[in-house]
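As structure tokens, the structure follows; a few thoughts come after it.
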4 protein chains.
Amino acid sequence: MAAGKERHFLAELLARTIRVGRSARSDSTPPDLSQLLRAVLADRGEASGLTTASIILDLLEAADDEALLGFFRSLLADFSPDPVPIRALLEQPLDAAAIRSLHFLAEPPSQEVLRRLNRVPGGTARLVALRARLNKLMKEAPDLKPLDQDFRHLFASWFNRGFLEMARINWQTPAEILERIIAYEAVHEIKSWDDLRQRVADPDRRLFAFFHPAMPADPLIFVEVALTAAVPSAIQPILSPDRQRIEPEQAKVAVFYSISNCQEGLKGISFGNFLIKQVVSELSRDLPNLKTFVTLSPVPGLAAWAKAEGLATPDDDDETCRLAARYLTKAKTASGTALDPVAHFHLGNGASLHAIHPRADLSPRAVRTALGVMVNYLYDSARIETNHQAYATKKAITTSPAVTALTRS
Amino acid sequence: MAAGKERHFLAELLARTIRVGRSARSDSTPPDLSQLLRAVLADRGEASGLTTASIILDLLEAADDEALLGFFRSLLADFSPDPVPIRALLEQPLDAAAIRSLHFLAEPPSQEVLRRLNRVPGGTARLVALRARLNKLMKEAPDLKPLDQDFRHLFASWFNRGFLEMARINWQTPAEILERIIAYEAVHEIKSWDDLRQRVADPDRRLFAFFHPAMPADPLIFVEVALTAAVPSAIQPILSPDRQRIEPEQAKVAVFYSISNCQEGLKGISFGNFLIKQVVSELSRDLPNLKTFVTLSPVPGLAAWAKAEGLATPDDDDETCRLAARYLTKAKTASGTALDPVAHFHLGNGASLHAIHPRADLSPRAVRTALGVMVNYLYDSARIETNHQAYATKKAITTSPAVTALTRS
Amino acid sequence: MAAGKERHFLAELLARTIRVGRSARSDSTPPDLSQLLRAVLADRGEASGLTTASIILDLLEAADDEALLGFFRSLLADFSPDPVPIRALLEQPLDAAAIRSLHFLAEPPSQEVLRRLNRVPGGTARLVALRARLNKLMKEAPDLKPLDQDFRHLFASWFNRGFLEMARINWQTPAEILERIIAYEAVHEIKSWDDLRQRVADPDRRLFAFFHPAMPADPLIFVEVALTAAVPSAIQPILSPDRQRIEPEQAKVAVFYSISNCQEGLKGISFGNFLIKQVVSELSRDLPNLKTFVTLSPVPGLAAWAKAEGLATPDDDDETCRLAARYLTKAKTASGTALDPVAHFHLGNGASLHAIHPRADLSPRAVRTALGVMVNYLYDSARIETNHQAYATKKAITTSPAVTALTRS
Amino acid sequence: MAAGKERHFLAELLARTIRVGRSARSDSTPPDLSQLLRAVLADRGEASGLTTASIILDLLEAADDEALLGFFRSLLADFSPDPVPIRALLEQPLDAAAIRSLHFLAEPPSQEVLRRLNRVPGGTARLVALRARLNKLMKEAPDLKPLDQDFRHLFASWFNRGFLEMARINWQTPAEILERIIAYEAVHEIKSWDDLRQRVADPDRRLFAFFHPAMPADPLIFVEVALTAAVPSAIQPILSPDRQRIEPEQAKVAVFYSISNCQEGLKGISFGNFLIKQVVSELSRDLPNLKTFVTLSPVPGLAAWAKAEGLATPDDDDETCRLAARYLTKAKTASGTALDPVAHFHLGNGASLHAIHPRADLSPRAVRTALGVMVNYLYDSARIETNHQAYATKKAITTSPAVTALTRS
């Protein structure tokens with residue numbers, strides 16, 4: 001960053017920070033955040049860096065939305081790449097080596113600020129929470145999007161699948177993790193500790209989650225699995241406490257009936273595909289009797305699409321299924337992928353569209369958004385690669401004969 | 001990467017890979033590495049990505065130097081940024097937002113290749129080992145340096161201090177880790193398991209190391225500490241098995257007598273400063289009687305500098321100390337920092353030059369490189385910040401009165 | 001058991017065992033338990049012992065009360081000491097060596113049966129549960145008491161304090177343990193997981209438990225501690241979710257407000273004294289500001305005693321306190337110890353009777369049994385030994401001046 | 001102890017304890033151990049019991065053999081059962097209930113002393129070490145044998161198989177445990193850490209040990225296993241660092257080539273049978289290709305027996321094998337069991353005598369004691385029960401056809 005700007009910046013020190021830092025500490029004169037950030041960046045010797053970084057995070061967490069917005073904007077303004085060396089480089093021929101140099105020269109100092117803040121013990125989780133607030137603020141302040149790119153770029157690197165650990169969540173799991181599972185469940189609400197107990201400790205249930213070592217008590221994503229005798233056609237029998245439980249060794253089918261992303265601050269960093277595949281692999285090894293791996297998934301965009309298409313809500317089950325089949329196989333985004341986000345996720349993973357069930361979820365939300373329809377996507381290890389390639393390269397959606405039939409007149 | 005290049009590349013498949021993949025697997029037709037890499041990159045759905053990535057790492061580890069060099073060069077050639085969108089962007093005004101876009105557009109796909117390879121269980125350690133081989137090959141092939149930048153950039157992010165865990169190494173530590181400590185000790189060789197036992201299990205000894213969660217049994221750096229009654233003036237009394245041991249509670253001084261970086265593949269990623277400071281903090285808490293934290297450090301550049309300066313080897317201790325004091329305080333690099341690398345490291349951390357000891361290490365190497373001199377650097381928490389700032393901004397070296405006296409006439 | 005009987009028995013062993021082992025699973029012919037027990041005892045080579053022992057435990061757990069009673073009686077009848085060698089020994093002079101021999105000769109084989117059953121993985125917990133049933137059956141069948149002596153003797157040895165591990169229970173504790181804490185709380189009911197969360201995870205709360213390594217998820221006893229600014233005079237402010245929480249470092253007093261024995265099957269094996277003292281020791285070390293360790297205890301026998309003595313329920317607080325003081329210091333058992341069991345426990349541990357509080361617990365049970373009175377017993381490390389000796393040898397109860405004053409007319 | 005004596009003793013307690021407790025640290029007046037023991041026993045309230053018990057153990061460990069002998073004798077003399085209540089009981093008819101009472105009345109207080117000493121953290125290991133010294137002293141002082149019975153009785157109860165944990169020892173094991181494995185190996189010496197590394201970390205090697213929770217870093221017994229393609233006929237190929245290693249999945253045979261009891265103080269408490277069977281069970285599960293479980297065992301009594309029988313050392317292998325076969329199947333103790341202790345151990349476990357190998361161990365000791373012969377005992381799960389019963393009831397030794405043939409003329 002240019003020296004002149006830095007001087008200017010330092011001159012504005014006190015005025016700006018009073019607002020930001022007021023509540024964070026009892027100091028009568030609050031510190032200036034950008035000043036502090038600059039100290040963190042400058043501190044190659046790391047003499048006091050951890051302390052400063054820790055204070056910054058404290059201040060940011062205590063800041064209200066307005067103050068935080070101000071901080072993000074100054075981060076964007078004051079910690080952008082220095083254009084001078086870039087312009088100098090661009091005066092030479094732009095060969096491969098020059099382009100590579102360009103990449104490093106053009107790296108925003110705001111990225112390094114985030115790396116420094118991450119050094120604080122517990123810093124990773126705090127940065128993830130900070131990005132969640134950034135994303136919320138971005139709705140009103142789209143100018144912050146480039147800053148979000150920094151977060152996303154770093155998080156994609158830090159949360160590389162090679163660093164994640166899959167763990168089974170059960171009744172031996174610490175309460176603080178279980179409490180978060182209850183809070184994070186986004187598909188089929190967990191109503192109580194008793195409800196949770198069934199989902200993690202019943203013999204025919206499994207719950208697996210990914211964790212990052214820097215956030216050991218806070219799951220990133222989890223999937224809930226029911227072990228059943230047959231492919232299910234509705235959610236209620238899965239969730240019912242009165243259901244007939246079976247021993248895991250007798251199960252033939254593993255049903256992924258709920259997948260929840262836990263961290264808003266990790267939006268755009270995808271874990272679901274890896275998680276499902278590792279769960280398939282682990283369950284196959286532990287329970288060789290399992291032959292079929294399917295989801296029981298919502299169809300969140302069905303009703304809205306039908307309405308937009310001017311189609312009436314069908315009267316009977318068959319018509320409803322045909323409508324859903326048409327939606328799932330024919331409704332596409334501009335880039336040609338499936339319009340339904342859940343369909344796109346599973347098809348992109350290499351699953352096929354296996355079955356469509358009417359009146360499968362009669363909760364108000366499901367009736368309103370999906371006409372009560374639920375769907376099985378099938379994860380067949382032998383065909384995942386082919387399905388995935390077909391969808392990735394030709395946007396071709398693999399369907400079972402039954403679904404194919406539904407799509408015909 | 002341009003589609004044309006890709007086609008061309010695929011056409012060359014078999015010819016190139018025979019050499020590379022020969023020994024790795026028994027397949028009669030070996031796979032093409034770049035092809036495989038491309039598959040890994042293309043695989044957004046991660047259908048078969050982990051398997052492919054795993055095969056690639058197997059092949060690379062089995063490859064001889066020539067094959068590996070070929071691989072690195074093709075990685076550099078074929079996985080460089082696509083110039084087309086960059087050129088398009090450069091036709092517009094180069095404002096801050098454009099520069100930030102430039103950074104992302106100019107990111108070499110070779111970085112993403114490394115991220116993908118890292119997804120394999122155990123991938124991180126294998127990539128670190130791969131970079132160690134890259135660095136060796138670079139001596140003959142400086143054209144690979146841009147590729148090394150990719151490695152270094154990613155490793156700096158992945159091995160962020162916030163992800164590291166400090167652990168005390170002692171006699172409860174698994175043998176596989178202890179065995180590596182023996183192998184990695186770079187300053188004062190550990191001669192046997194008995195020698196190791198003393199250094200980790202004697203009451204007046206401590207050994208602390210940093211670990212990364214993805215390499216849980218392989219230390220990144222470690223420091224050996226002696227708890228003593230007084231600041232030591234020679235290494236032999238520290239290392240001697242016949243020394244007088246004291247109880248930790250009686251110690252007044254903690255001596256950092258050996259710091260070893262363990263991973264050649266992490267060259268340029270600095271951990272030592274963090275480690276020393278965390279050890280100071282932990283020891284201060286556990287043993288409040290400790291009042292002084294010093295190193296007992298080599299002076300590796302002394303003899304070479306004296307020779308280059310045309311100075312004769314002094315005859316007596318006093319003259320040797322004066323020579324060393326002059327070297328450590330006056331000999332500078334072009335950028336004004338201390339010429340001696342060990343001095344530069346500790347001064348940069350905020351330590352001061354505390355004492356200079358003649359005949360402190362009579363091992364052949366120390367006599368040859370440092371005229372037998374060793375030095376204490378003092379880590380005084382109350383002054384670290386000031387020392388660091390003085391050295392970082394003004395290249396000023398803080399010395400004790402005794403050392404200051406040595407630098408006069 | 002007589003050698004002749006054993007031989008006879010062993011001759012029939014195999015034939016019957018086949019039937020028995022079969023029916024253990026298919027249940028058409030019920031197995032002969034004594035037979036199985038004998039097999040377990042006979043099996044010095046441990047060839048099939050674990051399997052047989054495991055079957056026996058399965059059968060006992062499936063048995064109804066009548067069958068179990070039959071089993072216990074046959075255990076007592078058929079696995080009593082062989083009188084023949086004892087009588088032979090008694091024909092010689094009964095010197096010290098002879099008496100020691102007598103001890104071993106007179107050991108009931110039923111003890112060895114229990115030791116064999118304990119070999120099964122998880123056997124310890126199952127035997128503890130079995131004794132709980134035995135104790136219940138003993139109410140109608142006092143002839144089983146000698147068998148209970150075997151259990152108690154073994155458990156006292158197995159659950160020796162040297163084998164127990166104290167653990168802090170908090171929000172990182174596995175749910176299966178927390179669930180048991182909820183179930184086992186015997187003094188002040190834990191109403192929900194939220195209530196539990198406060199008692200284990202609030203900054204001013206602690207919960208410590210003893211565990212045995214063979215029952216790692218099942219606590220033996222636990223104590224709940226409140227960290228407060230002053231000695232409390234009522235339970236409600238301690239339990240209230242709306243109370244003012246203080247930081248642990250600010251607390252001056254640790255209040256043991258609930259102690260629960262968890263295992264009915266360990267009746268008569270005392271852990272409370274050890275637990276309290278270890279908690280005092282641990283809290284003193286971690287929180288040096290804690291100066292006072294008191295209980296807030298019920299007075300379960302007050303109302304019943306007053307009624308038996310023909311004393312009217314007092315009208316005012318002062319009179320109530322005087323009545324309680326008289327009860328606690330003057331009401332004695334036949335052997336001269338305090339009649340109130342809680343008082344006897346704490347006085348025996350070396351605590352003193354510190355304060356008496358009227359209207360301290362207004363729950364129906366406490367009003368009915370203790371006229372609402374609660375009591376502080378004080379654990380003063382400097383005086384525990386003296387208090388204990390005075391109570392143990394002279395049945396003298398140490399009281400604070402305030403309590404002493406209450407005992408005077 | 002008689003109630004009168006106890007009262008008298010308790011009266012003097014405090015006065016003396018002060019002196020004793022003091023001298024325990026300053027050593028001017030040696031403490032009276034029996035006095036301390038009595039204090040420990042008397043301390044039902046456990047007021048100061050742990051401290052006193054801890055001092056006693058310190059004193060005993062510092063005591064020389066003479067002082068310790070004195071202590072053991074006073075323990076025997078002063079902590080024997082009180083004869084008065086026993087005599088009173090014996091005046092009544094000696095029915096089953098009376099005999100059971102006799103057992104408890106005749107329990108030596110010395111047992112309770114040991115239980116109290118065990119309460120100290122780390123007490124169990126210290127008592128085990130104390131018994132090892134007792135056993136050594138007993139060689140000169142057979143009058144201590146009754147005291148040893150107390151130790152043995154308690155240890156048999158405390159080290160019940162249900163409390164033991166089997167652990168695989170490998171290169172992830174803490175060094176302090178590995179160091180003990182080196183020290184404890186009693187059959188085929190482990191010469192160095194490199195030698196150890198092979199035995200625990202090579203792919204075709206396993207080492208399993210039993211631990212007790214109160215001695216978590218000190219193994220009780222361990223067995224070394226070689227995974228091989230065929231039943232071995234000599235020890236050298238097993239131990240050789242130059243041997244052909246095989247992958248565990250290719251192994252057909254698991255060879256128990258060394259079993260070492262680690263704790264002299266646990267003499268007479270048998271773990272080997274349980275360990276072997278659990279290892280068989282675990283290996284069978286993990287490596288289903290393993291079909292044969294054999295030992296490669298020494299024949300320690302062969303040469304001595306041949307000499308005692310006046311038999312000449314044979315000249316050729318066949319004759320040597322016949323001699324060994326005769327020794328192993330015909331040489332018996334007075335009670336009819338196999339004279340050779342190793343044979344007796346494995347036959348008692350249900351193994352069969354499978355093969356006899358000449359020149360199988362050419363170490364000086366093996367040549368001297370066993371004429372170089374080694375033996376395979378076969379653990380065949382399907383036949384263990386039958387073999388065991390045959391040996392236990394009829395002293396019948398099961399042999400393979402090959403061995404049977406050797407026993408014929």
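Each chain in the structure tokens gets a letter, A, B and so on, in the order shown; residues start at 1 in every chain, and ligands are counted from 1 in the order they appear.
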
Could you please tell me, as number ranges by chain, which residues of chain C have an atom within 7 Å of chain D when using only C-alpha atoms?
C: 45, 47-48, 80-81, 96, 99-100, 102-103, 106-108, 118-121, 123, 158, 160-163, 213-214, 348-350, 384-385, 388

Those selected residues, please, written with N, CA, C and O atoms and delivered as a tab-separated table (two decimals), in the first residue's frame.
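result05.tsv, freshly written:
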chain	number	residue	atom	x	y	z
C	45	GLY	N	-8.76	-74.15	33.45
C	45	GLY	CA	-8.06	-73.85	32.20
C	45	GLY	C	-8.73	-72.75	31.40
C	45	GLY	O	-8.20	-72.32	30.39
C	47	ALA	N	-11.02	-72.78	29.48
C	47	ALA	CA	-11.23	-73.14	28.08
C	47	ALA	C	-12.48	-72.45	27.57
C	47	ALA	O	-12.47	-71.72	26.59
C	48	SER	N	-13.59	-72.70	28.23
C	48	SER	CA	-14.84	-72.14	27.74
C	48	SER	C	-15.48	-71.25	28.77
C	48	SER	O	-16.64	-70.89	28.69
C	80	SER	N	-21.26	-73.22	49.26
C	80	SER	CA	-20.78	-72.86	50.59
C	80	SER	C	-19.49	-73.63	50.85
C	80	SER	O	-19.18	-74.61	50.17
C	81	PRO	N	-18.72	-73.18	51.83
C	81	PRO	CA	-17.43	-73.83	52.08
C	81	PRO	C	-17.61	-75.29	52.48
C	81	PRO	O	-18.61	-75.66	53.12
C	96	ALA	N	-2.28	-68.43	65.60
C	96	ALA	CA	-2.47	-67.40	64.58
C	96	ALA	C	-2.43	-67.99	63.17
C	96	ALA	O	-3.26	-67.65	62.31
C	99	ILE	N	-5.57	-69.78	62.37
C	99	ILE	CA	-6.71	-68.90	62.11
C	99	ILE	C	-6.63	-68.33	60.69
C	99	ILE	O	-7.62	-68.24	59.98
C	100	ARG	N	-5.40	-67.97	60.28
C	100	ARG	CA	-5.25	-67.49	58.91
C	100	ARG	C	-5.64	-68.58	57.90
C	100	ARG	O	-6.30	-68.30	56.90
C	102	LEU	N	-7.74	-70.88	58.44
C	102	LEU	CA	-9.18	-70.98	58.57
C	102	LEU	C	-9.88	-70.00	57.62
C	102	LEU	O	-10.87	-70.33	56.95
C	103	HIS	N	-9.35	-68.81	57.59
C	103	HIS	CA	-9.93	-67.78	56.73
C	103	HIS	C	-10.02	-68.25	55.28
C	103	HIS	O	-11.05	-68.13	54.63
C	106	ALA	N	-12.35	-71.30	54.81
C	106	ALA	CA	-13.77	-71.00	54.99
C	106	ALA	C	-14.31	-70.04	53.94
C	106	ALA	O	-15.45	-69.61	54.02
C	107	GLU	N	-13.48	-69.70	52.97
C	107	GLU	CA	-14.00	-68.79	51.93
C	107	GLU	C	-15.08	-69.48	51.12
C	107	GLU	O	-14.87	-70.56	50.56
C	108	PRO	N	-16.25	-68.88	51.04
C	108	PRO	CA	-17.34	-69.52	50.30
C	108	PRO	C	-17.01	-69.60	48.81
C	108	PRO	O	-16.61	-68.58	48.22
C	118	ASN	N	-17.17	-62.05	36.88
C	118	ASN	CA	-16.61	-60.72	36.64
C	118	ASN	C	-15.64	-60.69	35.47
C	118	ASN	O	-15.32	-59.63	34.94
C	119	ARG	N	-15.15	-61.87	35.08
C	119	ARG	CA	-14.17	-61.91	33.98
C	119	ARG	C	-14.75	-61.50	32.64
C	119	ARG	O	-14.04	-61.09	31.74
C	120	VAL	N	-16.06	-61.68	32.51
C	120	VAL	CA	-16.73	-61.33	31.25
C	120	VAL	C	-16.59	-59.82	31.00
C	120	VAL	O	-16.75	-59.04	31.93
C	121	PRO	N	-16.30	-59.41	29.76
C	121	PRO	CA	-16.29	-57.97	29.50
C	121	PRO	C	-17.62	-57.34	29.92
C	121	PRO	O	-18.69	-57.84	29.58
C	123	GLY	N	-18.66	-57.37	32.89
C	123	GLY	CA	-19.20	-58.16	33.98
C	123	GLY	C	-19.40	-57.38	35.27
C	123	GLY	O	-20.37	-57.60	36.00
C	158	TRP	N	-12.82	-54.53	45.05
C	158	TRP	CA	-12.73	-54.09	43.65
C	158	TRP	C	-12.87	-52.58	43.50
C	158	TRP	O	-12.28	-51.98	42.61
C	160	ASN	N	-11.99	-50.38	45.58
C	160	ASN	CA	-10.99	-49.69	46.41
C	160	ASN	C	-10.74	-48.30	45.84
C	160	ASN	O	-10.64	-48.11	44.63
C	161	ARG	N	-10.62	-47.35	46.72
C	161	ARG	CA	-10.45	-45.96	46.30
C	161	ARG	C	-9.26	-45.78	45.34
C	161	ARG	O	-9.28	-44.90	44.48
C	162	GLY	N	-8.25	-46.63	45.49
C	162	GLY	CA	-7.08	-46.54	44.59
C	162	GLY	C	-7.42	-46.83	43.14
C	162	GLY	O	-6.66	-46.47	42.24
C	163	PHE	N	-8.54	-47.48	42.90
C	163	PHE	CA	-8.92	-47.82	41.52
C	163	PHE	C	-9.89	-46.80	40.92
C	163	PHE	O	-10.20	-46.87	39.74
C	213	PRO	N	-12.77	-47.97	36.40
C	213	PRO	CA	-12.34	-48.25	35.02
C	213	PRO	C	-13.19	-49.32	34.32
C	213	PRO	O	-13.33	-49.28	33.11
C	214	ALA	N	-13.79	-50.23	35.08
C	214	ALA	CA	-14.59	-51.27	34.44
C	214	ALA	C	-16.00	-50.78	34.12
C	214	ALA	O	-16.76	-51.48	33.47
C	348	GLY	N	-18.63	-37.65	60.65
C	348	GLY	CA	-17.65	-38.74	60.55
C	348	GLY	C	-16.50	-38.40	59.62
C	348	GLY	O	-15.37	-38.86	59.77
C	349	ASN	N	-16.77	-37.57	58.63
C	349	ASN	CA	-15.72	-37.13	57.70
C	349	ASN	C	-14.81	-36.08	58.31
C	349	ASN	O	-13.82	-35.69	57.69
C	350	GLY	N	-15.20	-35.55	59.47
C	350	GLY	CA	-14.37	-34.50	60.09
C	350	GLY	C	-14.91	-33.10	59.90
C	350	GLY	O	-14.24	-32.13	60.23
C	384	ILE	N	-10.10	-30.83	60.22
C	384	ILE	CA	-10.77	-32.09	59.87
C	384	ILE	C	-10.27	-33.25	60.71
C	384	ILE	O	-11.05	-34.05	61.24
C	385	GLU	N	-8.96	-33.34	60.87
C	385	GLU	CA	-8.39	-34.48	61.59
C	385	GLU	C	-8.86	-34.48	63.04
C	385	GLU	O	-9.32	-35.50	63.55
C	388	HIS	N	-12.59	-35.19	63.30
C	388	HIS	CA	-12.85	-36.60	63.02
C	388	HIS	C	-12.49	-37.47	64.22
C	388	HIS	O	-13.26	-38.36	64.61

| query | If you run DSSP on the backbone, which residues of range 268-378 of chain C are strand (DSSP E or B), as a PyMOL selection string? | reply | chain C and resi 292-295+297-298+332+338+352-357+374-378

Keeping only N, CA, C and O atoms, write the selected residues to a file as a PDB file, in the first residue's frame.
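The result, stored in result.pdb:
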ATOM      1  N   THR C 292     -13.557 -21.117  51.896  1.00  0.00           N
ATOM      2  CA  THR C 292     -14.513 -21.826  52.738  1.00  0.00           C
ATOM      3  C   THR C 292     -15.184 -22.937  51.936  1.00  0.00           C
ATOM      4  O   THR C 292     -15.653 -22.699  50.825  1.00  0.00           O
ATOM      5  N   PHE C 293     -15.225 -24.121  52.526  1.00  0.00           N
ATOM      6  CA  PHE C 293     -15.882 -25.269  51.890  1.00  0.00           C
ATOM      7  C   PHE C 293     -16.976 -25.755  52.819  1.00  0.00           C
ATOM      8  O   PHE C 293     -16.675 -26.254  53.913  1.00  0.00           O
ATOM      9  N   VAL C 294     -18.214 -25.560  52.384  1.00  0.00           N
ATOM     10  CA  VAL C 294     -19.341 -25.984  53.221  1.00  0.00           C
ATOM     11  C   VAL C 294     -20.322 -26.801  52.395  1.00  0.00           C
ATOM     12  O   VAL C 294     -20.335 -26.732  51.165  1.00  0.00           O
ATOM     13  N   THR C 295     -21.157 -27.516  53.110  1.00  0.00           N
ATOM     14  CA  THR C 295     -22.279 -28.165  52.445  1.00  0.00           C
ATOM     15  C   THR C 295     -23.507 -27.294  52.630  1.00  0.00           C
ATOM     16  O   THR C 295     -23.531 -26.385  53.468  1.00  0.00           O
ATOM     17  N   SER C 297     -26.989 -28.845  53.342  1.00  0.00           N
ATOM     18  CA  SER C 297     -27.455 -30.229  53.490  1.00  0.00           C
ATOM     19  C   SER C 297     -28.858 -30.297  54.061  1.00  0.00           C
ATOM     20  O   SER C 297     -29.250 -29.447  54.876  1.00  0.00           O
ATOM     21  N   PRO C 298     -29.569 -31.334  53.698  1.00  0.00           N
ATOM     22  CA  PRO C 298     -30.886 -31.575  54.305  1.00  0.00           C
ATOM     23  C   PRO C 298     -30.731 -32.143  55.722  1.00  0.00           C
ATOM     24  O   PRO C 298     -29.637 -32.541  56.123  1.00  0.00           O
ATOM     25  N   LYS C 332     -29.104 -39.363  69.322  1.00  0.00           N
ATOM     26  CA  LYS C 332     -28.044 -40.310  69.033  1.00  0.00           C
ATOM     27  C   LYS C 332     -28.587 -41.716  68.748  1.00  0.00           C
ATOM     28  O   LYS C 332     -29.653 -42.075  69.230  1.00  0.00           O
ATOM     29  N   ALA C 338     -24.436 -39.660  65.754  1.00  0.00           N
ATOM     30  CA  ALA C 338     -25.571 -38.791  65.447  1.00  0.00           C
ATOM     31  C   ALA C 338     -26.685 -39.592  64.788  1.00  0.00           C
ATOM     32  O   ALA C 338     -26.434 -40.407  63.891  1.00  0.00           O
ATOM     33  N   SER C 352     -17.547 -29.947  60.677  1.00  0.00           N
ATOM     34  CA  SER C 352     -18.221 -29.461  61.878  1.00  0.00           C
ATOM     35  C   SER C 352     -19.602 -28.931  61.497  1.00  0.00           C
ATOM     36  O   SER C 352     -19.843 -28.594  60.333  1.00  0.00           O
ATOM     37  N   LEU C 353     -20.490 -28.861  62.516  1.00  0.00           N
ATOM     38  CA  LEU C 353     -21.841 -28.338  62.281  1.00  0.00           C
ATOM     39  C   LEU C 353     -21.744 -26.813  62.346  1.00  0.00           C
ATOM     40  O   LEU C 353     -21.512 -26.242  63.414  1.00  0.00           O
ATOM     41  N   HIS C 354     -21.934 -26.168  61.205  1.00  0.00           N
ATOM     42  CA  HIS C 354     -21.541 -24.777  61.075  1.00  0.00           C
ATOM     43  C   HIS C 354     -22.712 -23.795  61.232  1.00  0.00           C
ATOM     44  O   HIS C 354     -22.584 -22.769  61.893  1.00  0.00           O
ATOM     45  N   ALA C 355     -23.847 -24.086  60.607  1.00  0.00           N
ATOM     46  CA  ALA C 355     -24.983 -23.168  60.707  1.00  0.00           C
ATOM     47  C   ALA C 355     -26.273 -23.915  60.418  1.00  0.00           C
ATOM     48  O   ALA C 355     -26.286 -24.920  59.712  1.00  0.00           O
ATOM     49  N   ILE C 356     -27.348 -23.402  60.979  1.00  0.00           N
ATOM     50  CA  ILE C 356     -28.680 -24.000  60.815  1.00  0.00           C
ATOM     51  C   ILE C 356     -29.593 -22.922  60.247  1.00  0.00           C
ATOM     52  O   ILE C 356     -29.646 -21.810  60.777  1.00  0.00           O
ATOM     53  N   HIS C 357     -30.291 -23.254  59.151  1.00  0.00           N
ATOM     54  CA  HIS C 357     -31.092 -22.239  58.467  1.00  0.00           C
ATOM     55  C   HIS C 357     -32.559 -22.651  58.410  1.00  0.00           C
ATOM     56  O   HIS C 357     -32.876 -23.711  57.866  1.00  0.00           O
ATOM     57  N   MET C 374     -32.332 -26.394  56.582  1.00  0.00           N
ATOM     58  CA  MET C 374     -31.109 -26.931  55.992  1.00  0.00           C
ATOM     59  C   MET C 374     -29.922 -26.517  56.850  1.00  0.00           C
ATOM     60  O   MET C 374     -30.019 -25.612  57.678  1.00  0.00           O
ATOM     61  N   VAL C 375     -28.813 -27.184  56.607  1.00  0.00           N
ATOM     62  CA  VAL C 375     -27.666 -27.056  57.508  1.00  0.00           C
ATOM     63  C   VAL C 375     -26.396 -26.926  56.688  1.00  0.00           C
ATOM     64  O   VAL C 375     -26.284 -27.501  55.609  1.00  0.00           O
ATOM     65  N   ASN C 376     -25.451 -26.100  57.166  1.00  0.00           N
ATOM     66  CA  ASN C 376     -24.103 -26.122  56.585  1.00  0.00           C
ATOM     67  C   ASN C 376     -23.185 -26.953  57.466  1.00  0.00           C
ATOM     68  O   ASN C 376     -23.094 -26.705  58.675  1.00  0.00           O
ATOM     69  N   TYR C 377     -22.514 -27.893  56.849  1.00  0.00           N
ATOM     70  CA  TYR C 377     -21.381 -28.547  57.516  1.00  0.00           C
ATOM     71  C   TYR C 377     -20.121 -27.951  56.905  1.00  0.00           C
ATOM     72  O   TYR C 377     -20.043 -27.750  55.691  1.00  0.00           O
ATOM     73  N   LEU C 378     -19.167 -27.661  57.764  1.00  0.00           N
ATOM     74  CA  LEU C 378     -17.956 -26.964  57.316  1.00  0.00           C
ATOM     75  C   LEU C 378     -16.787 -27.932  57.210  1.00  0.00           C
ATOM     76  O   LEU C 378     -16.475 -28.650  58.174  1.00  0.00           O
TER      77      LEU C 378
END

Review point. What does the distance between CA of Leu68 in chain B and CA of Lys267 in chain B come to in Å, to one decimal place?
Key: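 For CA of Leu68 in chain B relative to CA of Lys267 in chain B, the distance reads 19.6 Å.
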